Each structure stands twice: as C-alpha cells, then as structure tokens.
$ cat target-v5.cif   # mmCIF, C-alpha atoms and all ligand atoms
data_coords
#
loop_
_atom_site.label_atom_id
_atom_site.label_comp_id
_atom_site.auth_asym_id
_atom_site.auth_seq_id
_atom_site.Cartn_x
_atom_site.Cartn_y
_atom_site.Cartn_z
CA MET A 258 35.21 2.73 -0.66
CA ILE A 259 32.50 5.20 -1.68
CA ASP A 260 28.86 5.04 -0.64
CA LYS A 261 26.66 3.92 -3.54
CA PRO A 262 23.12 5.30 -3.59
CA ILE A 263 20.58 2.65 -4.40
CA SER A 264 17.30 2.22 -6.15
CA ALA A 265 14.78 0.62 -3.83
CA THR A 266 11.58 -1.34 -4.43
CA TYR A 267 9.28 -3.09 -1.97
CA GLU A 268 11.16 -6.38 -2.45
CA ASN A 269 14.57 -5.45 -3.79
CA ILE A 270 17.54 -3.11 -3.54
CA LEU A 271 19.25 -2.30 -6.84
CA ALA A 272 22.84 -1.11 -6.58
CA GLU A 273 25.72 -0.73 -9.05
CA CYS A 274 29.03 -2.18 -7.90
CA GLU A 275 31.69 0.55 -7.63
CA HIS A 276 34.40 -1.93 -8.69
CA CYS A 277 33.00 -3.65 -11.80
CA GLY A 278 29.86 -1.66 -12.63
CA CYS A 279 27.63 -4.72 -12.30
CA LYS A 280 24.01 -3.81 -11.60
CA ASN A 281 23.22 -5.97 -8.58
CA ILE A 282 19.74 -6.87 -7.37
CA TYR A 283 19.60 -7.71 -3.66
CA ASN A 284 16.35 -9.28 -2.54
CA ARG A 285 15.43 -8.05 0.92
CA ALA A 286 14.13 -11.43 2.15
CA THR A 287 16.66 -13.72 0.47
CA ASP A 288 19.91 -11.75 0.17
CA LEU A 289 19.72 -9.06 2.84
CA LYS A 290 17.61 -11.06 5.32
CA THR A 291 16.05 -7.89 6.72
CA PHE A 292 13.03 -5.74 5.96
CA GLU A 293 14.47 -2.78 7.88
CA PRO A 294 15.34 0.27 5.77
CA ILE A 295 19.01 0.20 4.77
CA SER A 296 20.67 3.42 5.91
CA GLY A 297 24.12 1.94 5.24
CA LEU A 298 25.25 -1.63 4.59
CA ASP A 299 28.34 -3.37 3.21
CA VAL A 300 27.37 -5.85 0.49
CA VAL A 301 29.30 -8.25 -1.70
CA CYS A 302 28.99 -7.82 -5.47
CA LEU A 303 26.96 -10.67 -6.98
CA ASN A 304 29.16 -10.78 -10.10
CA GLU A 305 31.21 -13.96 -9.62
CA ALA A 306 34.19 -12.39 -11.39
CA CYS A 307 34.20 -9.53 -8.86
CA GLU A 308 32.72 -10.46 -5.48
CA LYS A 309 34.22 -7.31 -3.93
CA THR A 310 32.60 -5.46 -1.07
CA PHE A 311 31.02 -2.04 -1.42
CA ARG A 312 28.68 0.06 0.70
CA ILE A 313 25.09 0.89 -0.16
CA ILE A 314 23.11 3.80 1.30
CA GLY A 315 19.86 5.68 0.79
CA ASP A 316 16.98 3.23 1.18
CA THR A 317 13.44 4.57 1.23
CA ILE A 318 11.50 4.72 4.51
CA SER A 319 8.07 4.94 2.89
CA PRO A 320 5.27 2.77 4.28
CA ALA A 321 4.48 -0.44 2.40
CA PHE A 322 1.49 0.93 0.54
CA GLU A 323 3.60 3.74 -0.93
CA MET A 324 6.30 1.29 -1.95
CA PHE A 325 3.72 -0.67 -3.94
CA ILE A 326 2.74 2.55 -5.69
CA PHE A 327 6.32 3.60 -6.40
CA ASP A 328 7.01 0.16 -7.91
CA CYS A 329 4.25 0.92 -10.44
CA TYR A 330 6.26 3.65 -12.15
CA GLU A 331 8.81 1.09 -13.35
CA LEU A 332 6.10 -1.45 -14.20
CA TYR A 333 4.29 1.25 -16.20
CA LYS A 334 7.45 2.10 -18.17
CA LEU A 335 7.86 -1.60 -18.99
CA LYS A 336 4.18 -1.76 -20.05
CA HIS A 337 3.30 -4.30 -17.37
CA TYR A 338 -0.19 -2.82 -16.96
CA ALA A 339 -1.69 -5.93 -15.35
CA SER A 340 1.03 -5.83 -12.70
CA CYS A 341 0.27 -2.12 -12.14
CA ILE A 342 -3.32 -3.02 -11.31
CA ILE A 343 -2.28 -5.80 -8.94
CA ASN A 344 0.22 -3.50 -7.21
CA LEU A 345 -2.23 -0.62 -6.90
CA THR A 346 -4.92 -2.83 -5.42
CA GLN A 347 -2.39 -4.31 -3.02
CA ALA A 348 -1.39 -0.75 -2.08
CA TRP A 349 -5.01 0.01 -1.22
CA GLU A 350 -5.41 -3.19 0.82
CA THR A 351 -2.24 -2.45 2.76
CA PHE A 352 -3.36 1.14 3.30
CA PHE A 353 -6.81 0.02 4.55
CA ALA A 354 -5.23 -2.40 7.04
CA ASN A 355 -2.86 0.29 8.27
CA PHE A 356 -5.74 2.74 8.59
CA LEU A 357 -7.67 0.38 10.87
CA ARG A 358 -4.65 -0.23 13.11
CA VAL A 359 -4.06 3.50 13.49
CA GLU A 360 -7.71 4.53 13.80
CA LEU A 361 -8.88 1.78 16.15
CA VAL A 362 -5.77 0.98 18.20
CA TYR A 363 -2.95 3.52 18.12
CA LYS A 364 -5.06 6.66 17.90
CA ILE A 365 -6.79 5.97 21.21
CA TYR A 366 -3.67 4.69 22.93
CA THR A 367 -2.62 6.80 25.92
CA VAL A 368 0.48 6.70 28.09
CA ASP A 369 -1.64 5.13 30.85
CA ASP A 370 -2.54 2.10 28.71
CA ASP A 371 -0.36 -0.93 29.11
CA LEU A 372 1.13 -2.46 26.01
CA ASP A 373 -0.63 -5.80 26.62
CA LYS A 374 -3.93 -4.08 25.98
CA VAL A 375 -2.62 -2.58 22.74
CA ASN A 376 -1.29 -5.95 21.60
CA LYS A 377 -4.55 -7.71 22.46
CA ASN A 378 -6.46 -5.15 20.40
CA LEU A 379 -4.10 -5.63 17.47
CA VAL A 380 -4.57 -9.41 17.67
CA LYS A 381 -8.34 -9.03 17.89
CA LEU A 382 -8.36 -6.70 14.89
CA TYR A 383 -6.19 -9.09 12.91
CA GLY A 384 -8.56 -11.97 13.76
CA LEU A 385 -11.52 -9.98 12.51
CA SER A 386 -9.91 -8.73 9.31
CA LYS A 387 -7.54 -11.43 8.07
CA THR A 388 -9.88 -12.85 5.42
CA TRP A 389 -11.25 -9.57 4.10
CA ALA A 390 -10.80 -8.83 0.41
CA PHE A 391 -10.56 -5.43 -1.25
CA GLY A 392 -14.32 -4.78 -1.48
CA THR A 393 -14.97 -5.39 2.21
CA GLN A 394 -11.96 -3.33 3.26
CA ARG A 395 -13.02 -0.46 0.99
CA ASN A 396 -16.59 -0.47 2.36
CA ILE A 397 -15.35 -0.43 5.95
CA PHE A 398 -12.87 2.35 5.24
CA ILE A 399 -15.48 4.59 3.61
CA ASN A 400 -18.09 3.86 6.27
CA ILE A 401 -15.64 4.80 9.03
CA CYS A 402 -14.71 7.98 7.16
CA MET A 403 -18.43 8.82 7.15
CA GLU A 404 -18.97 7.89 10.80
CA PRO A 405 -15.91 7.26 12.99
CA VAL A 406 -15.78 4.25 15.31
CA VAL A 407 -13.80 4.36 18.56
CA GLY A 408 -11.88 1.25 19.57
CA VAL A 409 -11.74 -2.38 18.44
CA ASP A 410 -14.62 -3.57 20.66
CA ALA A 411 -17.05 -1.04 19.21
CA PHE A 412 -15.76 -1.89 15.76
CA ALA A 413 -16.34 -5.63 16.32
CA LYS A 414 -19.96 -4.98 17.30
CA LYS A 415 -20.59 -2.84 14.20
CA CYS A 416 -18.54 -4.93 11.80
CA ASN A 417 -21.35 -6.54 9.80
CA GLN A 418 -22.97 -3.18 9.27
CA LEU A 419 -19.68 -1.55 8.27
CA LYS A 420 -19.03 -4.22 5.65
CA LYS A 421 -22.10 -3.16 3.68
CA PRO A 422 -21.54 -0.91 0.65
CA PRO A 423 -21.91 2.74 1.65
CA GLN A 424 -24.68 4.75 0.04
CA ARG A 425 -23.27 7.13 -2.56
CA ASN A 426 -25.59 9.94 -1.45
CA GLY A 427 -24.18 9.68 2.09
CA LEU A 428 -20.59 10.32 1.04
CA SER A 429 -20.92 14.05 1.67
CA ARG A 430 -20.68 13.24 5.39
CA VAL A 431 -16.93 12.70 5.10
CA ASN A 432 -14.37 15.39 5.79
CA PRO A 433 -14.67 17.88 2.88
CA GLU A 434 -10.87 17.73 2.43
CA ILE A 435 -11.08 14.12 1.31
CA TYR A 436 -14.58 14.07 -0.18
CA GLY A 437 -13.30 14.02 -3.77
CA LEU A 438 -10.96 11.14 -3.03
CA ILE A 439 -13.61 9.13 -1.21
CA LYS A 440 -16.03 9.59 -4.09
CA ARG A 441 -13.44 8.38 -6.56
CA LEU A 442 -12.60 5.42 -4.36
CA HIS A 443 -16.30 4.57 -4.05
CA ASP A 444 -16.78 4.70 -7.83
CA SER A 445 -13.53 2.93 -8.61
CA GLY A 446 -13.66 -0.39 -10.41
CA ILE A 447 -10.09 -1.31 -9.50
CA GLY A 448 -11.08 -4.21 -7.23
CA GLU A 449 -13.23 -5.78 -9.92
CA LEU A 450 -10.53 -5.18 -12.54
CA ARG A 451 -7.93 -6.83 -10.31
CA ASN A 452 -10.21 -9.87 -10.07
CA GLU A 453 -10.41 -10.01 -13.87
CA VAL A 454 -6.62 -9.85 -14.08
CA VAL A 455 -5.92 -12.38 -11.35
CA HIS A 456 -8.80 -14.79 -10.99
CA LYS A 457 -10.85 -15.07 -14.12
CA ASN A 458 -9.73 -14.43 -17.66
CA ALA A 459 -6.15 -13.36 -16.94
CA TYR A 460 -7.29 -10.08 -18.45
CA ARG A 461 -4.61 -7.90 -20.04
CA PRO A 462 -5.54 -4.25 -19.52
CA HIS A 463 -4.96 -1.41 -21.95
CA LYS A 464 -2.68 1.53 -21.16
CA ASP A 465 -5.75 3.80 -21.22
CA GLU A 466 -7.15 1.94 -18.23
CA ILE A 467 -4.12 3.04 -16.25
CA ASP A 468 -4.12 6.58 -17.63
CA ASN A 469 -7.80 7.31 -17.51
CA LEU A 470 -8.29 9.53 -14.49
CA ASN A 471 -11.86 10.40 -15.42
CA SER A 472 -13.00 6.84 -14.92
CA GLY A 473 -12.08 7.19 -11.27
CA ARG A 474 -10.41 3.79 -11.40
CA PHE A 475 -6.82 4.68 -10.73
CA LEU A 476 -6.54 6.78 -7.70
CA LEU A 477 -2.95 6.82 -6.67
CA ILE A 478 -0.41 6.52 -9.41
CA THR A 479 -1.53 9.48 -11.48
CA ASN A 480 -2.18 12.12 -8.85
CA PRO A 481 0.47 12.43 -6.13
CA ASN A 482 -1.16 15.61 -4.74
CA ASP A 483 -4.30 13.70 -3.89
CA ARG A 484 -2.19 11.01 -2.25
CA GLN A 485 -0.77 13.63 0.12
CA SER A 486 -4.30 14.78 0.99
CA LEU A 487 -5.24 11.25 1.90
CA HIS A 488 -2.42 11.17 4.41
CA LYS A 489 -4.13 13.88 6.44
CA THR A 490 -6.82 11.42 7.42
ZN ZN B 501 31.48 -5.94 -8.70
#
$ encode --input "target-v5.cif" --output "structure tokens"
Amino acid sequence: MIDKPISATYENILAECEHCGCKNIYNRATDLKTFEPISGLDVVCLNEACEKTFRIIGDTISPAFEMFIFDCYELYKLKHYASCIINLTQAWETFFANFLRVELVYKIYTVDDDLDKVNKNLVKLYGLSKTWAFGTQRNIFINICMEPVVGVDAFAKKCNQLKKPPQRNGLSRVNPEIYGLIKRLHDSGIGELRNEVVHKNAYRPHKDEIDNLNSGRFLLITNPNDRQSLHKT
C-alpha cells in the first residue's frame, strides 16, 4: 500500500484510490466522523466495484477561516462567484470570532489562572456574541484594533459602544502595519453583497466583483501577502 496525498477542503477530503483510480470524496462529518486533521488514515474506496483499502495522508492544518478562503480558489475556477462571496464572508466571521477568543481570553491567560476561569470567559464571550452578524463583528474588530480592550468583563461593559461603526478618520490609530488592511475592511461592501446574494434577490455577482481589488471589497482571496500581515495582529 502506498500513501496517497489528498486534496482537502473545509468539509471534504478528496483522494484517488490507488487500486482503481476512482476519485473519492470523503465528507469529514459523514464519512470520516472526525474534524481532526488527517495525518494518516486507512479508508475504503467508495467505488462499489472496488471497495479496497488505501491510506490517505497530508491533510491541511490551517484554521477554519483559511480553509474557507482556500475553498474559494476551486469555486472561482468553476465560476461559482456567489459561493465565493458567501465563503469569504464566512471566513471573515470565523476570523473575527477567533480574534475575540484570542484577544480577550487566551492572550491574558497566565499559568496561574485555572482553566475553569478560562472556560467561563469563553462561555461568557459566546453568550455575548452568538447572534452577531458580519457588520457587528467587523465594527467590534476594527474598534478593538483602534483601542484594545483587556478581558471579557471589560469587553462586556463596552460592548454597545464597540458595536457602533468606527469613524473612518479614526482608523489611523491602528497599528501602521495593518492600517491598509483595516481601511480596506472598513470600506468593504462584502457584508452587504453577501446579504444580496443570500437574503434578498439571490443576486448573481459578476467575475469583476471578485477580481476588483480597487473596490476594496475582496480582501483575502486576491492578496495572500496581506493575509499574512493580518496574522501578525
Ligand atoms: Zn478503488
């Protein structure tokens, strides 16, 4: 048996059977029953005429928000531009949620803290944020980049203020390394466009709306260097 490298998406693992050449799609939730990265796993070929076992390796360990972005490259090739917009917005929402967990809980965690306190803070943060849509999450993210908040309790007290749209002329208060990105995020219409695609007119976007960097709408898929800069926050 040889190890077969795979192609991985957020939901699925794609692997070619070494015996029959069938291109198998294994859904992480349904077929593999795990969301852990697959470093090595024996799977059964889904081709009924084969059903032989082979080993898959080489899953990605990227965080969820990056997986949503990576999935866009295939969607883009297939001209599923509406799905690109949904995925990119979902990537942002997942990133914002992760940012709050890191900034407000993990970043201030010390070895002297007990884990119950950490878990209580995570639960409290989840309770505060579970109904927030893209616009609210974006406002909070930018406001915290302009003026950091320490801890979930302080965040809870300031929450209503942080939900308000940040003033564009105050954006220069963010770290200069990410100023350009924050400005583009602030000016982005991706949340509104996602609403047009999903909720209202089932809008079908044009390729240019994905490609057009100058509009500031699409922040992640077209500029991987900027994505790396964002990680430094
Ligand atoms: Zn097979």
$ residues_near_ligand --input "target-v5.cif" --ligand "ligand ZN 501 (chain B)" --cutoff "8 Å" --atoms "all atoms listed in the file" --output "MDAnalysis selection string"
chainID A and resid 273:279 301:304 306:310
$ closest_atom_pairs --input "target-v5.cif" --of "range 297-337 of chain A" --to "range 346-355 of chain A" --cutoff "12 Å" --atoms "all atoms listed in the file" --output "CSV"
residue,atom,partner,partner_atom,distance
A:Pro320,CA,A:Phe352,CA,8.8
A:Ala321,CA,A:Thr351,CA,7.0
A:Phe322,CA,A:Ala348,CA,4.2
A:Glu323,CA,A:Ala348,CA,6.8
A:Met324,CA,A:Ala348,CA,8.0
A:Phe325,CA,A:Ala348,CA,5.4
A:Ile326,CA,A:Ala348,CA,6.4
A:Phe327,CA,A:Ala348,CA,9.9
A:Asp328,CA,A:Ala348,CA,10.3
A:Cys329,CA,A:Ala348,CA,10.2
$ closest_atom_pairs --input "target-v5.cif" --of "range 385-408 of chain A" --to "range 425-448 of chain A" --cutoff "8 Å" --atoms "only C-alpha atoms" --output "tab-separated table"
residue	atom	partner	partner_atom	distance
A:Phe391	CA	A:Gly448	CA	6.1
A:Gly392	CA	A:Gly448	CA	6.6
A:Arg395	CA	A:His443	CA	7.8
A:Ile399	CA	A:Ile439	CA	6.9
A:Cys402	CA	A:Val431	CA	5.6
A:Met403	CA	A:Val431	CA	4.6
A:Glu404	CA	A:Val431	CA	7.7
$ write_last_selection --input "target-v5.cif" --atoms "C-alpha atoms" --output "compact mmCIF listing (two decimals), keeping the file's coordinate frame"
# COMPACT_ATOMS: atom_id res chain seq x y z
CA PHE A 391 -10.56 -5.43 -1.25
CA GLY A 392 -14.32 -4.78 -1.48
CA ARG A 395 -13.02 -0.46 0.99
CA ILE A 399 -15.48 4.59 3.61
CA CYS A 402 -14.71 7.98 7.16
CA MET A 403 -18.43 8.82 7.15
CA GLU A 404 -18.97 7.89 10.80
$ closest_residue --input "target-v5.cif" --among "A:Ser296, A:Lys334, A:Glu268, A:Asn400" --to "Lys415 in chain A" --atoms "all atoms listed in the file"
A:Asn400
$ axis_aligned_box --input "target-v5.cif" --around "range 447-457 of chain A" --padding-each-side "8 Å" --output "AutoDock Vina command-line options"
--center_x -9.6 --center_y -8.2 --center_z -10.7 --size_x 23.3 --size_y 29.8 --size_z 22.9
$ atom_distance --input "target-v5.cif" --atom1 "CA of Ala390 in chain A" --atom2 "CA of Leu332 in chain A"
23.5 Å
$ closest_residue --input "target-v5.cif" --among "A:Cys416, A:Ile401, A:Val375, A:Ile365" --to "Trp389 in chain A" --atoms "all atoms listed in the file"
A:Cys416
$ residues_around --input "target-v5.cif" --residues "Tyr330 in chain A" --least-positions-apart "3" --cutoff "12 Å" --atoms "only C-alpha atoms" --output "PyMOL selection string"
chain A and resi 266+323-327+333-338+340-342+344-345+467+477-479
$ atom_distance --input "target-v5.cif" --atom1 "CA of Ala265 in chain A" --atom2 "CA of Asp299 in chain A"
15.8 Å
$ residues_near_point --input "target-v5.cif" --point "(-18.2, 1.8, 12.2)" --cutoff "12 Å" --atoms "all atoms listed in the file" --output "PyMOL selection string"
chain A and resi 357+360-361+396-421+423
$ write_last_selection --input "target-v5.cif" --atoms "C-alpha atoms" --output "PDB file, in the coordinates of the input"
ATOM      1  CA  LEU A 357      -7.670   0.380  10.870  1.00  0.00           C
ATOM      2  CA  GLU A 360      -7.710   4.530  13.800  1.00  0.00           C
ATOM      3  CA  LEU A 361      -8.880   1.780  16.150  1.00  0.00           C
ATOM      4  CA  ASN A 396     -16.590  -0.470   2.360  1.00  0.00           C
ATOM      5  CA  ILE A 397     -15.350  -0.430   5.950  1.00  0.00           C
ATOM      6  CA  PHE A 398     -12.870   2.350   5.240  1.00  0.00           C
ATOM      7  CA  ILE A 399     -15.480   4.590   3.610  1.00  0.00           C
ATOM      8  CA  ASN A 400     -18.090   3.860   6.270  1.00  0.00           C
ATOM      9  CA  ILE A 401     -15.640   4.800   9.030  1.00  0.00           C
ATOM     10  CA  CYS A 402     -14.710   7.980   7.160  1.00  0.00           C
ATOM     11  CA  MET A 403     -18.430   8.820   7.150  1.00  0.00           C
ATOM     12  CA  GLU A 404     -18.970   7.890  10.800  1.00  0.00           C
ATOM     13  CA  PRO A 405     -15.910   7.260  12.990  1.00  0.00           C
ATOM     14  CA  VAL A 406     -15.780   4.250  15.310  1.00  0.00           C
ATOM     15  CA  VAL A 407     -13.800   4.360  18.560  1.00  0.00           C
ATOM     16  CA  GLY A 408     -11.880   1.250  19.570  1.00  0.00           C
ATOM     17  CA  VAL A 409     -11.740  -2.380  18.440  1.00  0.00           C
ATOM     18  CA  ASP A 410     -14.620  -3.570  20.660  1.00  0.00           C
ATOM     19  CA  ALA A 411     -17.050  -1.040  19.210  1.00  0.00           C
ATOM     20  CA  PHE A 412     -15.760  -1.890  15.760  1.00  0.00           C
ATOM     21  CA  ALA A 413     -16.340  -5.630  16.320  1.00  0.00           C
ATOM     22  CA  LYS A 414     -19.960  -4.980  17.300  1.00  0.00           C
ATOM     23  CA  LYS A 415     -20.590  -2.840  14.200  1.00  0.00           C
ATOM     24  CA  CYS A 416     -18.540  -4.930  11.800  1.00  0.00           C
ATOM     25  CA  ASN A 417     -21.350  -6.540   9.800  1.00  0.00           C
ATOM     26  CA  GLN A 418     -22.970  -3.180   9.270  1.00  0.00           C
ATOM     27  CA  LEU A 419     -19.680  -1.550   8.270  1.00  0.00           C
ATOM     28  CA  LYS A 420     -19.030  -4.220   5.650  1.00  0.00           C
ATOM     29  CA  LYS A 421     -22.100  -3.160   3.680  1.00  0.00           C
ATOM     30  CA  PRO A 423     -21.910   2.740   1.650  1.00  0.00           C
TER      31      PRO A 423
END
$ atom_distance --input "target-v5.cif" --atom1 "CA of Phe311 in chain A" --atom2 "CA of Lys290 in chain A"
17.5 Å
$ closest_residue --input "target-v5.cif" --among "A:Tyr366, A:Tyr267, A:Tyr460, A:Tyr383" --to "Asn284 in chain A" --atoms "only C-alpha atoms"
A:Tyr267
$ decode --input "target-v5.cif" --residues "range 266-302 of chain A" --atoms "N, CA and C atoms" --output "short mmCIF file (atom, residue, chain, number, x, y, z; two decimals), in the first residue's frame"
data_model
loop_
_atom_site.label_atom_id
_atom_site.label_comp_id
_atom_site.auth_asym_id
_atom_site.auth_seq_id
_atom_site.Cartn_x
_atom_site.Cartn_y
_atom_site.Cartn_z
N THR A 266 -10.59 20.16 1.62
CA THR A 266 -11.41 21.36 1.75
C THR A 266 -11.94 21.40 3.18
N TYR A 267 -12.66 22.47 3.51
CA TYR A 267 -13.17 22.60 4.87
C TYR A 267 -14.06 21.41 5.24
N GLU A 268 -14.86 20.95 4.27
CA GLU A 268 -15.80 19.85 4.56
C GLU A 268 -15.32 18.48 4.13
N ASN A 269 -14.53 18.43 3.07
CA ASN A 269 -14.24 17.14 2.44
C ASN A 269 -12.76 16.86 2.26
N ILE A 270 -12.47 15.56 2.12
CA ILE A 270 -11.16 15.08 1.70
C ILE A 270 -11.35 14.41 0.34
N LEU A 271 -10.54 14.80 -0.63
CA LEU A 271 -10.62 14.20 -1.96
C LEU A 271 -9.37 13.35 -2.17
N ALA A 272 -9.57 12.08 -2.49
CA ALA A 272 -8.42 11.18 -2.63
C ALA A 272 -8.68 10.15 -3.72
N GLU A 273 -7.65 9.93 -4.55
CA GLU A 273 -7.77 8.96 -5.64
C GLU A 273 -7.36 7.58 -5.14
N CYS A 274 -8.21 6.60 -5.41
CA CYS A 274 -7.92 5.23 -4.97
C CYS A 274 -6.71 4.69 -5.74
N GLU A 275 -5.76 4.09 -5.02
CA GLU A 275 -4.56 3.57 -5.68
C GLU A 275 -4.85 2.29 -6.47
N HIS A 276 -6.00 1.66 -6.19
CA HIS A 276 -6.32 0.39 -6.85
C HIS A 276 -7.10 0.59 -8.15
N CYS A 277 -8.12 1.45 -8.12
CA CYS A 277 -9.00 1.58 -9.29
C CYS A 277 -8.95 2.99 -9.91
N GLY A 278 -8.30 3.92 -9.23
CA GLY A 278 -8.22 5.28 -9.78
C GLY A 278 -9.44 6.13 -9.53
N CYS A 279 -10.42 5.58 -8.81
CA CYS A 279 -11.65 6.34 -8.53
C CYS A 279 -11.31 7.57 -7.68
N LYS A 280 -11.89 8.71 -8.06
CA LYS A 280 -11.68 9.93 -7.27
C LYS A 280 -12.75 9.99 -6.18
N ASN A 281 -12.34 9.64 -4.97
CA ASN A 281 -13.28 9.55 -3.84
C ASN A 281 -13.40 10.89 -3.14
N ILE A 282 -14.63 11.17 -2.68
CA ILE A 282 -14.86 12.34 -1.84
C ILE A 282 -15.33 11.84 -0.48
N TYR A 283 -14.52 12.09 0.56
CA TYR A 283 -14.88 11.69 1.92
C TYR A 283 -15.30 12.93 2.69
N ASN A 284 -16.55 12.96 3.10
CA ASN A 284 -17.04 14.07 3.90
C ASN A 284 -16.55 13.89 5.34
N ARG A 285 -15.99 14.96 5.89
CA ARG A 285 -15.40 14.84 7.23
C ARG A 285 -16.46 14.44 8.27
N ALA A 286 -17.64 15.07 8.22
CA ALA A 286 -18.67 14.80 9.22
C ALA A 286 -19.32 13.43 9.00
N THR A 287 -19.65 13.12 7.76
CA THR A 287 -20.44 11.93 7.46
C THR A 287 -19.59 10.67 7.32
N ASP A 288 -18.52 10.76 6.52
CA ASP A 288 -17.74 9.56 6.20
C ASP A 288 -16.59 9.32 7.19
N LEU A 289 -15.88 10.39 7.53
CA LEU A 289 -14.70 10.22 8.39
C LEU A 289 -15.04 10.37 9.88
N LYS A 290 -16.15 11.04 10.15
CA LYS A 290 -16.64 11.22 11.53
C LYS A 290 -15.59 11.86 12.44
N THR A 291 -14.79 12.72 11.89
CA THR A 291 -13.83 13.49 12.68
C THR A 291 -13.52 14.80 11.96
N PHE A 292 -13.29 15.85 12.76
CA PHE A 292 -12.86 17.13 12.21
C PHE A 292 -11.37 17.36 12.49
N GLU A 293 -10.71 16.34 13.06
CA GLU A 293 -9.27 16.46 13.30
C GLU A 293 -8.54 16.36 11.96
N PRO A 294 -7.42 17.07 11.82
CA PRO A 294 -6.62 16.92 10.59
C PRO A 294 -6.17 15.47 10.43
N ILE A 295 -6.19 14.99 9.18
CA ILE A 295 -5.85 13.59 8.90
C ILE A 295 -4.36 13.51 8.54
N SER A 296 -3.55 13.07 9.47
CA SER A 296 -2.13 12.91 9.15
C SER A 296 -1.90 11.58 8.43
N GLY A 297 -2.71 10.59 8.73
CA GLY A 297 -2.65 9.31 8.05
C GLY A 297 -3.87 8.48 8.44
N LEU A 298 -4.58 7.94 7.44
CA LEU A 298 -5.80 7.19 7.77
C LEU A 298 -6.07 6.16 6.67
N ASP A 299 -6.43 4.94 7.08
CA ASP A 299 -6.83 3.93 6.11
C ASP A 299 -8.31 4.12 5.78
N VAL A 300 -8.62 4.23 4.50
CA VAL A 300 -10.01 4.42 4.07
C VAL A 300 -10.38 3.35 3.06
N VAL A 301 -11.69 3.12 2.93
CA VAL A 301 -12.17 2.15 1.95
C VAL A 301 -12.66 2.92 0.73
N CYS A 302 -12.26 2.46 -0.44
CA CYS A 302 -12.68 3.11 -1.69
C CYS A 302 -14.20 3.08 -1.81
#
